[in-house]
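Here is the structure we will look at, set down as structure tokens.
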Amino acid sequence: MSRSLDLAEPAFSASGLPYSPRYDEAYHGNEDSLERARHIFLAGNGLPQAWGGRDQFVIVEAGFGLGLNFLATWQAWRDDPKRCRRLHFVSIEKHPLTSEGLAAMHACIGAPAALAPLAAELRAAWPLALPGLHRLEFEGGAVVLTLAFGDIDAVLPRLVLGADAFYLDGFSPARNPDMWQPPLMKRLARLARPEATLATHVADIAFQRGLQAAGFALSSAPGYGSEPPMTVARFPAMRGTRRQPPPSAAAWPERHAIVIGAGLAGCAVTERLAARGWRVTLFDAHDGPAQLTSAHRAAAMHPHLSSDDSILSRLSRAGNLQALRTWAGLAAAGHAPGWQGCGVLQTGAGVEDADIQQAALAALGFPQAFARWMSAEEAASRHGAPVPHGGLWFGQGGWAPPPEICRAQLARAGAAVTARYGSRVARLARVADGWQALDEVGMVMAAAPVVVVANAYEALRLLALRHMTIDRVRGQLTTLAPAELARLGEWPDCVVTGTGYLLPRAADGTARIGSSYEPDAQESGALDARPAVHAENLARLAALLPALAGTAASLDPAMLSGYVGVRSVSHNRLPLIGRVADEARAARDAAALSGARLRDIPRLPGLYAALAYGSRGLTWAALGAELLASQIEGEPLPLELELAEAIDPARLLVRALRQGTVAGGDVPAEPVPG
């Protein structure tokens, strides 16, 4: 996808209607247009009748514009007593408005009046104009809007979803021919579930032929008012099988999941499943949630930036944005997660690094509210951070206490979760209707159709996969007591990162600096803080804030305290989130899978992983939970295809199959049938 967006600017025609100078065509957005949306897109797709009584219904729209079609659909859903349990609306927009632009357009047309309350909710949730997918929830999560900002030609191949209905509402083929080309119709067909419907105001012959060639069965319907006839279509149920069918709505025998691990990863998954009506049995070997790596009381979060907008940059951006939306939802529900949005200043090691950072900013063209340059002078005067050079300022960054996030998520899950602390799952056994969690003597602790393994490096013991690696990396933070901070003088009120990082003062008057990153060979026992590592952290502080170097050097490392944890990291530092591979089947079919893609890999039904979050637990946890819950339910994914594949737990297996290093007898011993 494009690294920056070509935004729409608020403009109005001579008659005062919202207007696009780029396409020389008016947006639809007055009171009459509400009836038009109902006629063309709802009635044209047989709505609301088509979603009646269904558990899930997915609409894909091309051309979000002012959001009128979404608002009309949302209102129809609200008014329908037979509505589906969960409505997904996925809309692609090449030229999105900013929140200010959307407000100006809505003010011009009165929203229209019948939809004004819903329009206000939409504007309040409107995301920054950043490329990628943005998932917004309304009605307590029952109505989900996923905005895909980017060119439709680039976006469609990257969507992972099964569509029940399509709204095609771009500007006319005469003004916007690219949106109506036959190749795009084939991409729509790839997403269409059997009997999916389609409606549009366009009746262009070339467009209709493209729809037919893609497999849609066309018919004509009266246009709205005096408009010419419109196009409606249906994607018939296929007689044969499609090699890669779109995801179907899940049909589990019961909505019950076992989640193993009550850290950031497991608690986030628990909350997301509970929000979808699942019952969760949560196991943790310790006496409560957030007892290992998630136990420390302060962790920083900010996105990664690179001039080429790498996979890591795109994933971290998606993760940060999803986390902020998730935590805001927790706070609104009365479960504050302790997020401190103080901002994060990321500095480089010198002038050359500063030049690289500024070049990345210029190449990306992101909104300043997301990332901007901050000079050393501004950092010192506004935030008490006497850095030697300027740096990237992430105004939405900050820090949070992971235990509070875990507690907030479990509180929101409420009675849907049964927590079994002090209970170690020794083995997983596959049975006819799902999975059993067994203890050390083989007794069944719980059984469910779905299991999510979220217990860090301990997962390797349960899964016994030859093509999944998780390394242990020791990290030590240093705590500076109020007396030590007083000696250092002024302390930044934001997070400062670079060669290390420092956190602002916490409520108890302490602050933390860190962090070490070293292999950990210790498999058990206490994790003791080492004075030598405290000394290294003080050196990191001196590099970040050279003005404090002398005083920092005078502190005695042997007298300092801190926190020590063990991170779990994959071979390439990206997390392992998704469906677990069936390595036994893959080994038996190794020859046939020698050119396999991730979509071809056999999977163990109902077994999922949320692992290897490393030092980015805050970044990955909410996004990983939403991704897993969407996969489990057969919903549209919150990530583009290549990003979901980048964190797929089977990615090393695919590499081994392509290299021919998976032998036919290379069959793991666990999990085994019960």
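Chain labels A, B, ... are given in the sequence in which chains occur in the structure tokens; within each chain residues are numbered consecutively from 1, and ligands are likewise numbered from 1 in the order shown.
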
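When DSSP is run on the backbone, the residues of region 350-424 of chain A that fall into strand (DSSP E or B) are Arg372, Trp373, Met374, Gly391, Leu392, Trp393, Phe394, Gly398, Trp399, Ala400, Val417, Thr418, Ala419, Arg420 and Tyr421 of chain A.
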
Can you tell me, as an MDAnalysis selection string, which residues in region 371-570 of chain A count as alpha helix (DSSP H) by DSSP? chainID A and resid 376:383 402:413 459:463 482:488 531:544 549:554

Residues within 8 Å of region 651-662 of chain A, only C-alpha atoms, excluding chain neighbours under 4 positions, as an NGL selection string: :A and (467-468 or 583 or 587 or 590 or 593-598 or 601 or 645-647 or 666)

Find the residues of region 614-663 of chain A that sit at most 12 Å from region 85-104 of chain A; for each, write down the nearest two atoms and how far apart they are in Å, to one decimal. Count only C-alpha atoms. Sort by chain, then by number going up, and give it as a tab-separated table.
```
residue	atom	partner	partner_atom	distance
A:Ser630	CA	A:His88	CA	11.0
A:Glu633	CA	A:Arg86	CA	10.6
A:Gly634	CA	A:His88	CA	11.3
A:Glu635	CA	A:His88	CA	7.9
A:Pro636	CA	A:His88	CA	7.6
A:Leu637	CA	A:Val90	CA	10.2
A:Pro638	CA	A:Val90	CA	10.0
```

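Among the candidates A:Gly215, A:Gly414, A:Gly140, A:Gly434, the residue lying nearest to Ala448 (chain A) is A:Gly434 (atoms considered: only C-alpha atoms).
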
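Here CA of Pro519 (chain A) stands at a distance of 4.6 Å from CA of Val473 (chain A).
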